[in-house]
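Asker: Dropping the structure in here first, questions after.
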Amino acid sequence: MNDSREIDQLLREAQTISEAYNIVAETTGERFNIFSILNVETDEVKTHSGFIAELLDEKGSHGQGTIFMEKFNECIPIEDFDIENGYDVIVERYAGKVTEDKGGRIDIFIKNKRSDYILIENKIYAQEQNKQLLRYQNSFPNSTILYLTLRGEESKQTSSDEVNYTPISYQTDIINWLEMCQKEAVAIPILRETITQYINLIKKLTGQNLNKKMSNEIIERILRNEESMEAYRGLFNSRKDLEERIRRSFCQRLPKIAEQHKLELEIKGKEEIVSGIGRNLPAFKFHNEKLKALNLKFIFRFQEPKLRKPIIGLQYIEKPANQLPQYDEIRERFDIEFGNSDKTSTNFLCYLDYQPNVGWEALRTLKRIHFGEFEEDLNSKIKKVLKIIKEATNPDL
């Protein structure tokens, strides 16, 4: 069998496997996840720190007292931390102004009546700050420090010689703990199913859901013979070219979107963006003379891996010395149109996190781009933003 026929057969069989697992996912309801629906999958503070802290808190709304904290201590033994006499759990505990060796905000802070501390630094995708664990240790010397990441990585900013900390993972430690909590909540349906949803979210983030099983089955198919392995090698080697072709095609189509709305398009570092080797954020900016008169430009930015979320919004061309009278009306209408989007900063008049999160490097994003779904959505959002400005300021856009 020649290479092209083997590749074609491999693709057909992979598609068959994928379709079978899609049916399973629909039947079991695995795709339904409240955290995913609300687009808070990777929100470290509100979703992950908040949920974990609520379970750990003896005064939490779960009403189960210390049992979940006891199970946590079974999974991650913490010596001589008394919980019988009471303890407090705080999310985002302020540890003082950040200096060279102290201060910052601790993701999950647990203190008992003897003033012993458990400090949990929670990292999903955010970058670790300089000497973060060392600052926390110096701020609270009598503390047990847990460094929580998806797969239990070591700190890159602090050595074990500087700080006595324990790496723990969502993949094993937190899932094991949550499954113990799940058993404790078996007679409380709402609590049990909420914990189940959160377990499914973590499995998704760490690649342990049905997608992992599907991948294993496809791998077994690839390893069936040398021809299949060679066909996979050909597909694997084509990925970079595939990504570049889709990105380049998208960049070539963007001017038509801009022209449709009578806007000018600005792409910074286009070739680096297309190739995926540059450090520039994949950002696309649209403006015209009317927008310039308001010191604004419309921006869409893809997600930067492990750093910034994707956004759309109105960015200042130059940081304004004074706010224009139209700005309040624009912000209000922007929030009404998009909901929960009243974000502002020194660089933006208003913006919102793009729904859903989209990474420029993610295959699911490239799929949406190539088959038009993403382009239609972006086009719609541009139209809405321009309507907002027109209604708020009455320019002839």
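By order in the structure tokens, chains are A, B, ...; within a chain, residues start at 1; ligands start at 1, following the order shown.
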Residues of range 41-255 of chain A in strand (DSSP E) according to DSSP, as a PyMOL selection string?
Answerer: chain A and resi 87-94+105-112+117-122+143-149+165-169
Asker: Which of these, A:Thr158, A:Gln129, A:Ile37, A:Leu119, has the shortest distance to Leu146 in chain A once you count only C-alpha atoms?
Answerer: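 Of A:Thr158, A:Gln129, A:Ile37, A:Leu119, the one nearest Leu146 in chain A is A:Leu119, counting only C-alpha atoms.
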Asker: Residues at most 12 Å from Tyr351 in chain A, counting only C-alpha atoms, excluding those fewer than 6 positions away in the same chain, as a PyMOL selection string?
Answerer: chain A and resi 297-301+309-316+330-335+337-345+381+385
Asker: Could you pull out the alpha helix (DSSP H) residues of range 105-312 of chain A from DSSP and send them as a PyMOL selection string?
Answerer: chain A and resi 132-139+175-184+189-205+210-222+226-237+239-260+270-275+289-293
Asker: Hey, what's within 8 Å of range 245-248 of chain A if we count only C-alpha atoms and toss same-chain stuff fewer than 2 positions away? As a PDB file with N, CA and C atoms, in the first residue's frame, please?
Answerer:
```pdb
ATOM      1  N   ASP A 241       2.936  23.113   8.546  1.00  0.00           N
ATOM      2  CA  ASP A 241       2.518  23.696   7.266  1.00  0.00           C
ATOM      3  C   ASP A 241       1.004  23.916   7.231  1.00  0.00           C
ATOM      4  N   LEU A 242       0.258  22.976   7.823  1.00  0.00           N
ATOM      5  CA  LEU A 242      -1.195  23.108   7.879  1.00  0.00           C
ATOM      6  C   LEU A 242      -1.594  24.338   8.686  1.00  0.00           C
ATOM      7  N   GLU A 243      -0.977  24.504   9.849  1.00  0.00           N
ATOM      8  CA  GLU A 243      -1.289  25.645  10.707  1.00  0.00           C
ATOM      9  C   GLU A 243      -0.966  26.954  10.001  1.00  0.00           C
ATOM     10  N   PHE A 250      -6.409  33.186   6.831  1.00  0.00           N
ATOM     11  CA  PHE A 250      -7.224  34.039   7.691  1.00  0.00           C
ATOM     12  C   PHE A 250      -6.765  35.490   7.607  1.00  0.00           C
ATOM     13  N   CYS A 251      -5.462  35.707   7.676  1.00  0.00           N
ATOM     14  CA  CYS A 251      -4.918  37.072   7.590  1.00  0.00           C
ATOM     15  C   CYS A 251      -5.248  37.707   6.240  1.00  0.00           C
ATOM     16  N   GLN A 252      -5.304  36.891   5.193  1.00  0.00           N
ATOM     17  CA  GLN A 252      -5.622  37.406   3.868  1.00  0.00           C
ATOM     18  C   GLN A 252      -7.103  37.753   3.740  1.00  0.00           C
ATOM     19  N   VAL A 274       1.852  34.489  11.674  1.00  0.00           N
ATOM     20  CA  VAL A 274       1.475  33.369  10.814  1.00  0.00           C
ATOM     21  C   VAL A 274       2.335  32.146  11.105  1.00  0.00           C
ATOM     22  N   LEU A 366      -8.087  26.634  14.859  1.00  0.00           N
ATOM     23  CA  LEU A 366      -7.784  26.601  13.427  1.00  0.00           C
ATOM     24  C   LEU A 366      -8.926  25.947  12.646  1.00  0.00           C
ATOM     25  N   ILE A 369     -11.603  28.542  12.324  1.00  0.00           N
ATOM     26  CA  ILE A 369     -11.187  29.565  11.362  1.00  0.00           C
ATOM     27  C   ILE A 369     -11.365  29.056   9.943  1.00  0.00           C
ATOM     28  N   HIS A 370     -10.866  27.856   9.671  1.00  0.00           N
ATOM     29  CA  HIS A 370     -10.857  27.342   8.296  1.00  0.00           C
ATOM     30  C   HIS A 370     -12.264  27.132   7.758  1.00  0.00           C
TER      31      HIS A 370
END
```
Asker: Check the smallest atom-to-atom distance from each of A:Tyr354, A:Phe302, A:Phe72, A:Phe35 to Ile202 in chain A using only C-alpha atoms, then report the winner.
Answerer: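 Checking each candidate against Ile202 in chain A, we get A:Phe35 as the closest.
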Asker: With distances taken over only C-alpha atoms, which of A:Ile195, A:Leu324, A:Ala53, A:Ile222 is nearest to Ile34 in chain A?
Answerer: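 Smallest distance to Ile34 in chain A is found for A:Ile195.
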Asker: What's the 8 Å shell around Arg93 in chain A, counting only C-alpha atoms, without same-chain residues fewer than 2 positions away, as a PyMOL selection string?
Answerer: chain A and resi 90-91+95+105-109
Asker: Measuring atom to atom with only C-alpha atoms, identify which of A:Glu41, A:Glu74, A:Glu154, A:Asp116 is nearest to Tyr87 in chain A.
Answerer: A:Asp116
Asker: My list of candidates is A:Ile67, A:Arg5, A:Val163, A:Thr42. Which is closest to Lys204 in chain A when distances are computed with only C-alpha atoms?
Answerer: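 Closest candidate: A:Thr42.
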Asker: Could you list, as a ChimeraX atom specification, every residue within 8 Å of His287 in chain A, counting only C-alpha atoms and ignoring same-chain residues fewer than 5 positions away?
Answerer: /A:263-265,292,296-298
Asker: For all heavy atoms, I'd like the residues from the last selection saved as a short mmCIF file (atom, residue, chain, number, x, y, z; two decimals), in the first residue's frame.
Answerer:
```cif
data_model
loop_
_atom_site.label_atom_id
_atom_site.label_comp_id
_atom_site.auth_asym_id
_atom_site.auth_seq_id
_atom_site.Cartn_x
_atom_site.Cartn_y
_atom_site.Cartn_z
N LEU A 263 -13.41 50.00 7.49
CA LEU A 263 -12.34 50.13 8.48
C LEU A 263 -11.00 49.83 7.84
O LEU A 263 -10.92 49.15 6.81
CB LEU A 263 -12.57 49.14 9.64
CG LEU A 263 -13.80 49.36 10.52
CD1 LEU A 263 -14.02 48.16 11.42
CD2 LEU A 263 -13.66 50.62 11.35
N GLU A 264 -9.95 50.33 8.46
CA GLU A 264 -8.59 49.98 8.06
C GLU A 264 -8.08 48.92 9.03
O GLU A 264 -8.37 48.95 10.23
CB GLU A 264 -7.69 51.21 8.13
CG GLU A 264 -8.08 52.32 7.16
CD GLU A 264 -7.21 53.55 7.34
OE1 GLU A 264 -6.07 53.39 7.79
OE2 GLU A 264 -7.69 54.66 7.07
N LEU A 265 -7.30 47.99 8.49
CA LEU A 265 -6.78 46.88 9.29
C LEU A 265 -5.31 47.09 9.60
O LEU A 265 -4.53 47.49 8.74
CB LEU A 265 -6.97 45.56 8.54
CG LEU A 265 -6.29 44.32 9.14
CD1 LEU A 265 -6.93 43.95 10.48
CD2 LEU A 265 -6.38 43.15 8.16
N LYS A 292 -10.54 57.25 15.15
CA LYS A 292 -9.32 57.98 15.55
C LYS A 292 -9.68 59.28 16.27
O LYS A 292 -8.98 59.69 17.20
CB LYS A 292 -8.46 58.29 14.32
CG LYS A 292 -7.76 57.07 13.73
CD LYS A 292 -6.97 57.46 12.50
CE LYS A 292 -6.31 56.25 11.86
NZ LYS A 292 -5.58 56.60 10.61
N LEU A 296 -9.69 55.90 19.64
CA LEU A 296 -10.00 54.49 19.86
C LEU A 296 -9.70 53.65 18.62
O LEU A 296 -9.69 54.15 17.49
CB LEU A 296 -11.48 54.32 20.21
CG LEU A 296 -11.98 54.96 21.50
CD1 LEU A 296 -13.50 54.83 21.58
CD2 LEU A 296 -11.31 54.34 22.73
N LYS A 297 -9.47 52.37 18.85
CA LYS A 297 -9.42 51.39 17.78
C LYS A 297 -10.01 50.08 18.31
O LYS A 297 -9.89 49.77 19.50
CB LYS A 297 -8.00 51.18 17.28
CG LYS A 297 -6.98 50.87 18.34
CD LYS A 297 -5.58 50.90 17.73
CE LYS A 297 -4.50 50.86 18.82
NZ LYS A 297 -3.14 51.02 18.27
N PHE A 298 -10.67 49.36 17.43
CA PHE A 298 -11.22 48.07 17.81
C PHE A 298 -10.11 47.04 17.71
O PHE A 298 -9.37 46.99 16.74
CB PHE A 298 -12.36 47.69 16.87
CG PHE A 298 -12.90 46.30 17.11
CD1 PHE A 298 -13.87 46.09 18.07
CD2 PHE A 298 -12.43 45.23 16.37
CE1 PHE A 298 -14.36 44.81 18.30
CE2 PHE A 298 -12.92 43.95 16.59
CZ PHE A 298 -13.89 43.74 17.56
#
```
